[in-house]
file my_file35.pdb (PDB, C-alpha atoms)
ATOM      1  CA  MET D 107     -24.641  20.285  13.541  1.00  0.00           C
ATOM      2  CA  GLY D 108     -23.309  19.889  17.096  1.00  0.00           C
ATOM      3  CA  VAL D 109     -19.793  21.176  16.395  1.00  0.00           C
ATOM      4  CA  PRO D 110     -19.369  23.803  13.671  1.00  0.00           C
ATOM      5  CA  ALA D 111     -17.565  22.214  10.724  1.00  0.00           C
ATOM      6  CA  LYS D 112     -13.973  23.288  10.347  1.00  0.00           C
ATOM      7  CA  ILE D 113     -13.439  21.049   7.319  1.00  0.00           C
ATOM      8  CA  SER D 114     -15.719  20.837   4.279  1.00  0.00           C
ATOM      9  CA  VAL D 115     -15.059  17.833   2.075  1.00  0.00           C
ATOM     10  CA  VAL D 116     -16.426  18.597  -1.382  1.00  0.00           C
ATOM     11  CA  ILE D 117     -17.274  15.622  -3.582  1.00  0.00           C
ATOM     12  CA  CYS D 118     -18.281  16.668  -7.092  1.00  0.00           C
ATOM     13  CA  THR D 119     -20.102  13.975  -9.016  1.00  0.00           C
ATOM     14  CA  TYR D 120     -21.617  13.244 -12.387  1.00  0.00           C
ATOM     15  CA  ASN D 121     -23.413   9.934 -13.029  1.00  0.00           C
ATOM     16  CA  ARG D 122     -21.256   7.923 -10.633  1.00  0.00           C
ATOM     17  CA  SER D 123     -23.913   6.752  -8.211  1.00  0.00           C
ATOM     18  CA  LYS D 124     -22.297   3.292  -8.172  1.00  0.00           C
ATOM     19  CA  THR D 125     -19.056   4.580  -6.598  1.00  0.00           C
ATOM     20  CA  LEU D 126     -20.310   7.713  -4.841  1.00  0.00           C
ATOM     21  CA  GLY D 127     -21.635   5.930  -1.755  1.00  0.00           C
ATOM     22  CA  ALA D 128     -18.263   4.372  -0.957  1.00  0.00           C
ATOM     23  CA  ALA D 129     -16.534   7.751  -1.396  1.00  0.00           C
ATOM     24  CA  ILE D 130     -18.977   9.422   1.011  1.00  0.00           C
ATOM     25  CA  GLU D 131     -18.703   6.560   3.511  1.00  0.00           C
ATOM     26  CA  SER D 132     -14.906   6.846   3.468  1.00  0.00           C
ATOM     27  CA  VAL D 133     -15.162  10.504   4.466  1.00  0.00           C
ATOM     28  CA  ALA D 134     -17.760   9.758   7.144  1.00  0.00           C
ATOM     29  CA  ALA D 135     -15.323   7.197   8.623  1.00  0.00           C
ATOM     30  CA  GLN D 136     -12.471   9.702   9.007  1.00  0.00           C
ATOM     31  CA  SER D 137     -10.519   9.602  12.241  1.00  0.00           C
ATOM     32  CA  LEU D 138     -10.763  13.220  13.420  1.00  0.00           C
ATOM     33  CA  PRO D 139     -11.089  14.930  16.780  1.00  0.00           C
ATOM     34  CA  ARG D 140     -14.706  15.988  17.361  1.00  0.00           C
ATOM     35  CA  SER D 141     -13.467  19.560  17.834  1.00  0.00           C
ATOM     36  CA  LEU D 142     -12.637  19.768  14.121  1.00  0.00           C
ATOM     37  CA  GLY D 143     -16.092  18.948  12.807  1.00  0.00           C
ATOM     38  CA  CYS D 144     -16.446  17.825   9.205  1.00  0.00           C
ATOM     39  CA  GLU D 145     -19.209  18.350   6.689  1.00  0.00           C
ATOM     40  CA  ILE D 146     -19.532  16.374   3.473  1.00  0.00           C
ATOM     41  CA  LEU D 147     -20.819  18.484   0.610  1.00  0.00           C
ATOM     42  CA  VAL D 148     -21.880  16.522  -2.460  1.00  0.00           C
ATOM     43  CA  VAL D 149     -22.193  18.631  -5.606  1.00  0.00           C
ATOM     44  CA  ASP D 150     -24.314  16.817  -8.182  1.00  0.00           C
ATOM     45  CA  ASN D 151     -23.227  18.124 -11.584  1.00  0.00           C
ATOM     46  CA  ASN D 152     -26.493  17.440 -13.419  1.00  0.00           C
ATOM     47  CA  SER D 153     -26.493  13.652 -13.004  1.00  0.00           C
ATOM     48  CA  THR D 154     -29.193  11.558 -14.637  1.00  0.00           C
ATOM     49  CA  ASP D 155     -28.604   8.399 -12.571  1.00  0.00           C
ATOM     50  CA  GLU D 156     -29.481   7.611  -8.917  1.00  0.00           C
ATOM     51  CA  THR D 157     -27.003  10.109  -7.455  1.00  0.00           C
ATOM     52  CA  ARG D 158     -29.582  12.059  -5.449  1.00  0.00           C
ATOM     53  CA  GLN D 159     -31.081   8.869  -3.993  1.00  0.00           C
ATOM     54  CA  VAL D 160     -27.641   7.616  -2.921  1.00  0.00           C
ATOM     55  CA  VAL D 161     -26.947  10.891  -1.116  1.00  0.00           C
ATOM     56  CA  GLU D 162     -30.394  10.993   0.505  1.00  0.00           C
ATOM     57  CA  GLY D 163     -29.936   7.441   1.790  1.00  0.00           C
ATOM     58  CA  LEU D 164     -26.614   8.373   3.387  1.00  0.00           C
ATOM     59  CA  GLN D 165     -28.079  11.588   4.819  1.00  0.00           C
ATOM     60  CA  GLN D 166     -30.415   9.374   6.850  1.00  0.00           C
ATOM     61  CA  ARG D 167     -27.432   7.454   8.251  1.00  0.00           C
ATOM     62  CA  TYR D 168     -25.367  10.588   8.902  1.00  0.00           C
ATOM     63  CA  PRO D 169     -27.872  13.333   9.733  1.00  0.00           C
ATOM     64  CA  GLU D 170     -26.549  16.884   9.615  1.00  0.00           C
ATOM     65  CA  ARG D 171     -23.151  15.802   8.209  1.00  0.00           C
ATOM     66  CA  ILE D 172     -23.984  15.443   4.515  1.00  0.00           C
ATOM     67  CA  ARG D 173     -25.360  18.178   2.299  1.00  0.00           C
ATOM     68  CA  TYR D 174     -26.521  17.839  -1.301  1.00  0.00           C
ATOM     69  CA  VAL D 175     -26.259  20.657  -3.846  1.00  0.00           C
ATOM     70  CA  PHE D 176     -27.355  20.445  -7.471  1.00  0.00           C
ATOM     71  CA  GLU D 177     -25.286  22.291 -10.104  1.00  0.00           C
ATOM     72  CA  ARG D 178     -26.922  22.365 -13.516  1.00  0.00           C
ATOM     73  CA  ALA D 179     -23.990  23.909 -15.456  1.00  0.00           C
ATOM     74  CA  GLN D 180     -21.985  20.959 -16.754  1.00  0.00           C
ATOM     75  CA  GLY D 181     -18.259  20.716 -16.038  1.00  0.00           C
ATOM     76  CA  ILE D 182     -15.970  20.058 -13.094  1.00  0.00           C
ATOM     77  CA  SER D 183     -15.002  23.733 -12.766  1.00  0.00           C
ATOM     78  CA  HIS D 184     -18.669  24.694 -12.323  1.00  0.00           C
ATOM     79  CA  ALA D 185     -19.155  21.919  -9.766  1.00  0.00           C
ATOM     80  CA  ARG D 186     -16.004  22.809  -7.790  1.00  0.00           C
ATOM     81  CA  ASN D 187     -16.830  26.520  -7.779  1.00  0.00           C
ATOM     82  CA  THR D 188     -20.302  25.689  -6.466  1.00  0.00           C
ATOM     83  CA  GLY D 189     -18.699  23.547  -3.775  1.00  0.00           C
ATOM     84  CA  ILE D 190     -16.397  26.398  -2.775  1.00  0.00           C
ATOM     85  CA  ARG D 191     -19.328  28.843  -2.593  1.00  0.00           C
ATOM     86  CA  GLU D 192     -21.527  26.457  -0.601  1.00  0.00           C
ATOM     87  CA  ALA D 193     -18.895  25.162   1.839  1.00  0.00           C
ATOM     88  CA  GLU D 194     -19.422  26.287   5.398  1.00  0.00           C
ATOM     89  CA  ALA D 195     -16.012  25.416   6.834  1.00  0.00           C
ATOM     90  CA  GLU D 196     -12.734  27.284   6.867  1.00  0.00           C
ATOM     91  CA  ILE D 197     -10.768  24.352   5.381  1.00  0.00           C
ATOM     92  CA  LEU D 198     -11.764  22.779   2.057  1.00  0.00           C
ATOM     93  CA  ALA D 199     -10.762  19.327   0.873  1.00  0.00           C
ATOM     94  CA  PHE D 200     -11.775  17.757  -2.427  1.00  0.00           C
ATOM     95  CA  LEU D 201     -12.331  14.066  -3.061  1.00  0.00           C
ATOM     96  CA  ASP D 202     -13.319  12.537  -6.382  1.00  0.00           C
ATOM     97  CA  ASP D 203     -16.519  10.511  -6.530  1.00  0.00           C
ATOM     98  CA  ASP D 204     -14.649   7.309  -7.403  1.00  0.00           C
ATOM     99  CA  GLU D 205     -11.986   7.520  -4.674  1.00  0.00           C
ATOM    100  CA  ILE D 206     -11.840   5.985  -1.217  1.00  0.00           C
ATOM    101  CA  ALA D 207     -10.152   8.104   1.445  1.00  0.00           C
ATOM    102  CA  ASP D 208      -7.879   6.402   3.944  1.00  0.00           C
ATOM    103  CA  THR D 209      -9.237   6.843   7.503  1.00  0.00           C
ATOM    104  CA  GLU D 210      -6.324   9.177   8.358  1.00  0.00           C
ATOM    105  CA  TRP D 211      -6.581  11.237   5.122  1.00  0.00           C
ATOM    106  CA  LEU D 212      -8.104  14.394   6.616  1.00  0.00           C
ATOM    107  CA  ALA D 213      -6.030  14.248   9.794  1.00  0.00           C
ATOM    108  CA  ASN D 214      -2.818  13.979   7.758  1.00  0.00           C
ATOM    109  CA  LEU D 215      -3.903  16.530   5.175  1.00  0.00           C
ATOM    110  CA  THR D 216      -4.903  19.201   7.692  1.00  0.00           C
ATOM    111  CA  ALA D 217      -2.430  18.588  10.536  1.00  0.00           C
ATOM    112  CA  ASN D 218      -0.183  21.533   9.664  1.00  0.00           C
ATOM    113  CA  LEU D 219      -2.968  23.901   8.614  1.00  0.00           C
ATOM    114  CA  HIS D 220      -4.276  24.563  12.125  1.00  0.00           C
ATOM    115  CA  SER D 221      -1.278  26.662  13.196  1.00  0.00           C
ATOM    116  CA  GLY D 222      -2.013  29.352  10.587  1.00  0.00           C
ATOM    117  CA  GLU D 223       1.501  29.032   9.151  1.00  0.00           C
ATOM    118  CA  TRP D 224       0.274  26.983   6.198  1.00  0.00           C
ATOM    119  CA  ALA D 225      -2.354  28.079   3.687  1.00  0.00           C
ATOM    120  CA  GLY D 226      -2.858  24.853   1.749  1.00  0.00           C
ATOM    121  CA  ALA D 227      -1.829  21.266   1.236  1.00  0.00           C
ATOM    122  CA  ALA D 228      -1.556  18.947  -1.747  1.00  0.00           C
ATOM    123  CA  ASP D 229      -1.980  15.219  -1.582  1.00  0.00           C
ATOM    124  CA  ALA D 230      -1.251  12.197  -3.733  1.00  0.00           C
ATOM    125  CA  VAL D 231      -3.962   9.857  -4.957  1.00  0.00           C
ATOM    126  CA  LEU D 232      -2.635   6.357  -4.661  1.00  0.00           C
ATOM    127  CA  PRO D 233      -4.181   3.045  -5.668  1.00  0.00           C
ATOM    128  CA  PRO D 234      -5.220   0.698  -2.847  1.00  0.00           C
ATOM    129  CA  SER D 235      -2.208  -1.282  -1.622  1.00  0.00           C
ATOM    130  CA  THR D 236      -3.835  -4.532  -2.779  1.00  0.00           C
ATOM    131  CA  SER D 237      -4.477  -3.394  -6.353  1.00  0.00           C
ATOM    132  CA  ARG D 238      -2.467  -4.753  -9.274  1.00  0.00           C
ATOM    133  CA  LEU D 239      -1.039  -1.285  -9.967  1.00  0.00           C
ATOM    134  CA  ALA D 240       0.167  -0.793  -6.376  1.00  0.00           C
ATOM    135  CA  LEU D 241       1.703  -4.268  -6.321  1.00  0.00           C
ATOM    136  CA  ALA D 242       3.502  -3.567  -9.598  1.00  0.00           C
ATOM    137  CA  LEU D 243       4.781  -0.190  -8.348  1.00  0.00           C
ATOM    138  CA  GLY D 244       6.105  -1.602  -5.087  1.00  0.00           C
ATOM    139  CA  PRO D 245       5.381  -1.173  -1.364  1.00  0.00           C
ATOM    140  CA  GLU D 246       6.379   2.498  -1.176  1.00  0.00           C
ATOM    141  CA  PHE D 247       3.309   3.379  -3.290  1.00  0.00           C
ATOM    142  CA  GLY D 248       0.859   1.537  -1.051  1.00  0.00           C
ATOM    143  CA  HIS D 249       0.846   4.122   1.739  1.00  0.00           C
ATOM    144  CA  HIS D 250      -0.948   7.438   2.017  1.00  0.00           C
ATOM    145  CA  ARG D 251       1.354  10.476   1.959  1.00  0.00           C
ATOM    146  CA  THR D 252       0.827  14.192   1.871  1.00  0.00           C
ATOM    147  CA  VAL D 253       2.853  15.636  -0.985  1.00  0.00           C
ATOM    148  CA  GLY D 254       3.411  19.133   0.318  1.00  0.00           C
ATOM    149  CA  TYR D 255       2.176  22.128   2.244  1.00  0.00           C
ATOM    150  CA  PHE D 256       2.024  25.711   1.034  1.00  0.00           C
ATOM    151  CA  ARG D 257       2.924  28.550   3.395  1.00  0.00           C
ATOM    152  CA  SER D 258       0.625  31.460   4.085  1.00  0.00           C
ATOM    153  CA  CYS D 259       1.902  34.426   2.179  1.00  0.00           C
ATOM    154  CA  ALA D 260       1.748  38.187   1.929  1.00  0.00           C
ATOM    155  CA  GLY D 261       2.020  39.958  -1.391  1.00  0.00           C
ATOM    156  CA  GLY D 262       0.615  37.066  -3.414  1.00  0.00           C
ATOM    157  CA  ARG D 263       3.592  34.667  -3.283  1.00  0.00           C
ATOM    158  CA  ALA D 264       3.338  31.251  -1.731  1.00  0.00           C
ATOM    159  CA  THR D 265       6.272  29.025  -0.907  1.00  0.00           C
ATOM    160  CA  ARG D 266       6.469  25.335  -0.412  1.00  0.00           C
TER     161      ARG D 266
END
call {"tool": "encode", "arguments": {"input": "my_file35.pdb", "output": "structure tokens"}}
result
Amino acid sequence: MGVPAKISVVICTYNRSKTLGAAIESVAAQSLPRSLGCEILVVDNNSTDETRQVVEGLQQRYPERIRYVFERAQGISHARNTGIREAEAEILAFLDDDEIADTEWLANLTANLHSGEWAGAADAVLPPSTSRLALALGPEFGHHRTVGYFRSCAGGRATR
């Protein structure tokens, strides 16, 4: 990798090869400064479909940006813990295998983390603005927003 990754996006997946490619592509298309560097870590949670082939195909398009890890122990907690252990970056972000990240998702999510004042961020998952659900909910639900940041803390207490 040319620039060491500062952000690891972990995508845990189980038998969702049909939607996984779009999720990975949406992370690869993120609008980030090159200085941040971003790796995409796909944790295959014992899939029996074409998950590995989908990832390998995208690894050819995005060499050195996508890593594949197989986790045999079934369950999202096993997959996420494997992702945490395997991540090489100092900032972790999680995306579900059936979600599409807005091109500004990582920039918005991590903007306040770089100062060291913040230890974490939480984000909303919103339907695409053209979906029936978004149209029914109204225009304020069609835009990406970060829900909140969590301050770095001493003594085990975090504040929002």
call {"tool": "closest_residue", "arguments": {"input": "my_file35.pdb", "among": "D:Ser123, D:Thr216, D:Ser114, D:Ser141", "to": "D:Glu194", "atoms": "only C-alpha atoms"}}
result
D:Ser114
call {"tool": "resolve_selection", "arguments": {"input": "my_file35.pdb", "expression": "the PyMOL selection byres ((chain D and resi 175) around 12)", "output": "VMD selection string"}}
result
chain D and resid 116 to 119 146 to 153 157 to 158 161 to 162 172 to 174 176 to 178 185 to 193
call {"tool": "resolve_selection", "arguments": {"input": "my_file35.pdb", "expression": "the PyMOL selection byres ((chain D and resi 200-210) around 10)", "output": "number ranges by chain"}}
result
D: 114-138, 146-149, 186, 189-190, 198-199, 211-215, 231-234, 249-250
call {"tool": "atom_distance", "arguments": {"input": "my_file35.pdb", "atom1": "atom CA of D:Glu196", "atom2": "atom CA of D:Ile113"}}
result
6.3 Å
call {"tool": "atom_distance", "arguments": {"input": "my_file35.pdb", "atom1": "atom CA of D:Glu170", "atom2": "atom CA of D:Lys112"}}
result
14.1 Å
call {"tool": "decode", "arguments": {"input": "my_file35.pdb", "residues": "stretch 176-189 of chain D", "atoms": "all heavy atoms", "output": "PDB file, in the first residue's frame"}}
result
ATOM      1  N   PHE D 176     -11.257 -14.987   6.270  1.00  0.00           N
ATOM      2  CA  PHE D 176     -12.320 -15.970   6.487  1.00  0.00           C
ATOM      3  C   PHE D 176     -12.448 -16.243   7.982  1.00  0.00           C
ATOM      4  O   PHE D 176     -11.460 -16.523   8.654  1.00  0.00           O
ATOM      5  CB  PHE D 176     -11.993 -17.269   5.746  1.00  0.00           C
ATOM      6  CG  PHE D 176     -13.091 -18.282   5.803  1.00  0.00           C
ATOM      7  CD1 PHE D 176     -14.170 -18.206   4.936  1.00  0.00           C
ATOM      8  CD2 PHE D 176     -13.061 -19.311   6.730  1.00  0.00           C
ATOM      9  CE1 PHE D 176     -15.200 -19.133   4.986  1.00  0.00           C
ATOM     10  CE2 PHE D 176     -14.079 -20.247   6.788  1.00  0.00           C
ATOM     11  CZ  PHE D 176     -15.147 -20.161   5.921  1.00  0.00           C
ATOM     12  N   GLU D 177     -13.660 -16.144   8.509  1.00  0.00           N
ATOM     13  CA  GLU D 177     -13.944 -16.456   9.914  1.00  0.00           C
ATOM     14  C   GLU D 177     -14.954 -17.595   9.958  1.00  0.00           C
ATOM     15  O   GLU D 177     -16.102 -17.427   9.573  1.00  0.00           O
ATOM     16  CB  GLU D 177     -14.495 -15.231  10.646  1.00  0.00           C
ATOM     17  CG  GLU D 177     -14.992 -15.506  12.052  1.00  0.00           C
ATOM     18  CD  GLU D 177     -13.965 -16.187  12.936  1.00  0.00           C
ATOM     19  OE1 GLU D 177     -12.854 -15.646  13.077  1.00  0.00           O
ATOM     20  OE2 GLU D 177     -14.263 -17.278  13.471  1.00  0.00           O
ATOM     21  N   ARG D 178     -14.506 -18.744  10.406  1.00  0.00           N
ATOM     22  CA  ARG D 178     -15.344 -19.933  10.431  1.00  0.00           C
ATOM     23  C   ARG D 178     -16.436 -19.880  11.511  1.00  0.00           C
ATOM     24  O   ARG D 178     -17.555 -20.340  11.301  1.00  0.00           O
ATOM     25  CB  ARG D 178     -14.478 -21.187  10.637  1.00  0.00           C
ATOM     26  CG  ARG D 178     -15.270 -22.479  10.573  1.00  0.00           C
ATOM     27  CD  ARG D 178     -14.390 -23.712  10.597  1.00  0.00           C
ATOM     28  NE  ARG D 178     -13.270 -23.679   9.668  1.00  0.00           N
ATOM     29  CZ  ARG D 178     -13.356 -23.900   8.348  1.00  0.00           C
ATOM     30  NH1 ARG D 178     -14.522 -24.149   7.810  1.00  0.00           N
ATOM     31  NH2 ARG D 178     -12.297 -23.859   7.586  1.00  0.00           N
ATOM     32  N   ALA D 179     -16.130 -19.327  12.678  1.00  0.00           N
ATOM     33  CA  ALA D 179     -17.106 -19.284  13.780  1.00  0.00           C
ATOM     34  C   ALA D 179     -18.272 -18.381  13.382  1.00  0.00           C
ATOM     35  O   ALA D 179     -18.091 -17.194  13.110  1.00  0.00           O
ATOM     36  CB  ALA D 179     -16.450 -18.786  15.055  1.00  0.00           C
ATOM     37  N   GLN D 180     -19.455 -18.962  13.327  1.00  0.00           N
ATOM     38  CA  GLN D 180     -20.647 -18.261  12.866  1.00  0.00           C
ATOM     39  C   GLN D 180     -21.104 -17.221  13.874  1.00  0.00           C
ATOM     40  O   GLN D 180     -21.081 -17.449  15.069  1.00  0.00           O
ATOM     41  CB  GLN D 180     -21.763 -19.282  12.639  1.00  0.00           C
ATOM     42  CG  GLN D 180     -22.810 -18.829  11.664  1.00  0.00           C
ATOM     43  CD  GLN D 180     -22.285 -18.832  10.237  1.00  0.00           C
ATOM     44  OE1 GLN D 180     -21.712 -19.797   9.776  1.00  0.00           O
ATOM     45  NE2 GLN D 180     -22.493 -17.746   9.554  1.00  0.00           N
ATOM     46  N   GLY D 181     -21.519 -16.061  13.365  1.00  0.00           N
ATOM     47  CA  GLY D 181     -22.105 -15.016  14.203  1.00  0.00           C
ATOM     48  C   GLY D 181     -21.411 -13.682  13.985  1.00  0.00           C
ATOM     49  O   GLY D 181     -20.191 -13.615  13.829  1.00  0.00           O
ATOM     50  N   ILE D 182     -22.201 -12.618  13.984  1.00  0.00           N
ATOM     51  CA  ILE D 182     -21.666 -11.287  13.706  1.00  0.00           C
ATOM     52  C   ILE D 182     -20.615 -10.869  14.723  1.00  0.00           C
ATOM     53  O   ILE D 182     -19.648 -10.189  14.373  1.00  0.00           O
ATOM     54  CB  ILE D 182     -22.801 -10.233  13.585  1.00  0.00           C
ATOM     55  CG1 ILE D 182     -22.270  -8.903  13.030  1.00  0.00           C
ATOM     56  CG2 ILE D 182     -23.494 -10.015  14.920  1.00  0.00           C
ATOM     57  CD1 ILE D 182     -21.813  -8.957  11.607  1.00  0.00           C
ATOM     58  N   SER D 183     -20.759 -11.270  15.986  1.00  0.00           N
ATOM     59  CA  SER D 183     -19.757 -10.871  16.981  1.00  0.00           C
ATOM     60  C   SER D 183     -18.408 -11.508  16.665  1.00  0.00           C
ATOM     61  O   SER D 183     -17.364 -10.863  16.797  1.00  0.00           O
ATOM     62  CB  SER D 183     -20.208 -11.218  18.399  1.00  0.00           C
ATOM     63  OG  SER D 183     -20.435 -12.605  18.523  1.00  0.00           O
ATOM     64  N   HIS D 184     -18.409 -12.765  16.217  1.00  0.00           N
ATOM     65  CA  HIS D 184     -17.148 -13.404  15.822  1.00  0.00           C
ATOM     66  C   HIS D 184     -16.533 -12.678  14.627  1.00  0.00           C
ATOM     67  O   HIS D 184     -15.326 -12.421  14.591  1.00  0.00           O
ATOM     68  CB  HIS D 184     -17.368 -14.877  15.462  1.00  0.00           C
ATOM     69  CG  HIS D 184     -17.760 -15.721  16.616  1.00  0.00           C
ATOM     70  ND1 HIS D 184     -16.915 -15.994  17.664  1.00  0.00           N
ATOM     71  CD2 HIS D 184     -18.922 -16.351  16.887  1.00  0.00           C
ATOM     72  CE1 HIS D 184     -17.534 -16.767  18.540  1.00  0.00           C
ATOM     73  NE2 HIS D 184     -18.768 -16.989  18.095  1.00  0.00           N
ATOM     74  N   ALA D 185     -17.360 -12.351  13.650  1.00  0.00           N
ATOM     75  CA  ALA D 185     -16.878 -11.676  12.443  1.00  0.00           C
ATOM     76  C   ALA D 185     -16.331 -10.290  12.782  1.00  0.00           C
ATOM     77  O   ALA D 185     -15.249  -9.910  12.319  1.00  0.00           O
ATOM     78  CB  ALA D 185     -17.990 -11.582  11.408  1.00  0.00           C
ATOM     79  N   ARG D 186     -17.046  -9.520  13.591  1.00  0.00           N
ATOM     80  CA  ARG D 186     -16.573  -8.173  13.947  1.00  0.00           C
ATOM     81  C   ARG D 186     -15.294  -8.229  14.768  1.00  0.00           C
ATOM     82  O   ARG D 186     -14.378  -7.430  14.555  1.00  0.00           O
ATOM     83  CB  ARG D 186     -17.662  -7.406  14.679  1.00  0.00           C
ATOM     84  CG  ARG D 186     -18.755  -6.951  13.750  1.00  0.00           C
ATOM     85  CD  ARG D 186     -19.752  -6.051  14.422  1.00  0.00           C
ATOM     86  NE  ARG D 186     -20.764  -5.642  13.451  1.00  0.00           N
ATOM     87  CZ  ARG D 186     -22.016  -5.415  13.743  1.00  0.00           C
ATOM     88  NH1 ARG D 186     -22.448  -5.538  14.988  1.00  0.00           N
ATOM     89  NH2 ARG D 186     -22.862  -5.055  12.795  1.00  0.00           N
ATOM     90  N   ASN D 187     -15.221  -9.161  15.714  1.00  0.00           N
ATOM     91  CA  ASN D 187     -13.991  -9.290  16.505  1.00  0.00           C
ATOM     92  C   ASN D 187     -12.809  -9.668  15.628  1.00  0.00           C
ATOM     93  O   ASN D 187     -11.692  -9.180  15.831  1.00  0.00           O
ATOM     94  CB  ASN D 187     -14.179 -10.295  17.643  1.00  0.00           C
ATOM     95  CG  ASN D 187     -15.022  -9.724  18.763  1.00  0.00           C
ATOM     96  OD1 ASN D 187     -15.045  -8.514  18.986  1.00  0.00           O
ATOM     97  ND2 ASN D 187     -15.722 -10.592  19.469  1.00  0.00           N
ATOM     98  N   THR D 188     -13.025 -10.519  14.642  1.00  0.00           N
ATOM     99  CA  THR D 188     -11.960 -10.852  13.693  1.00  0.00           C
ATOM    100  C   THR D 188     -11.555  -9.609  12.916  1.00  0.00           C
ATOM    101  O   THR D 188     -10.361  -9.350  12.719  1.00  0.00           O
ATOM    102  CB  THR D 188     -12.413 -11.978  12.744  1.00  0.00           C
ATOM    103  OG1 THR D 188     -12.636 -13.150  13.526  1.00  0.00           O
ATOM    104  CG2 THR D 188     -11.369 -12.261  11.674  1.00  0.00           C
ATOM    105  N   GLY D 189     -12.521  -8.831  12.481  1.00  0.00           N
ATOM    106  CA  GLY D 189     -12.229  -7.590  11.775  1.00  0.00           C
ATOM    107  C   GLY D 189     -11.409  -6.628  12.621  1.00  0.00           C
ATOM    108  O   GLY D 189     -10.455  -6.012  12.135  1.00  0.00           O
TER     109      GLY D 189
END
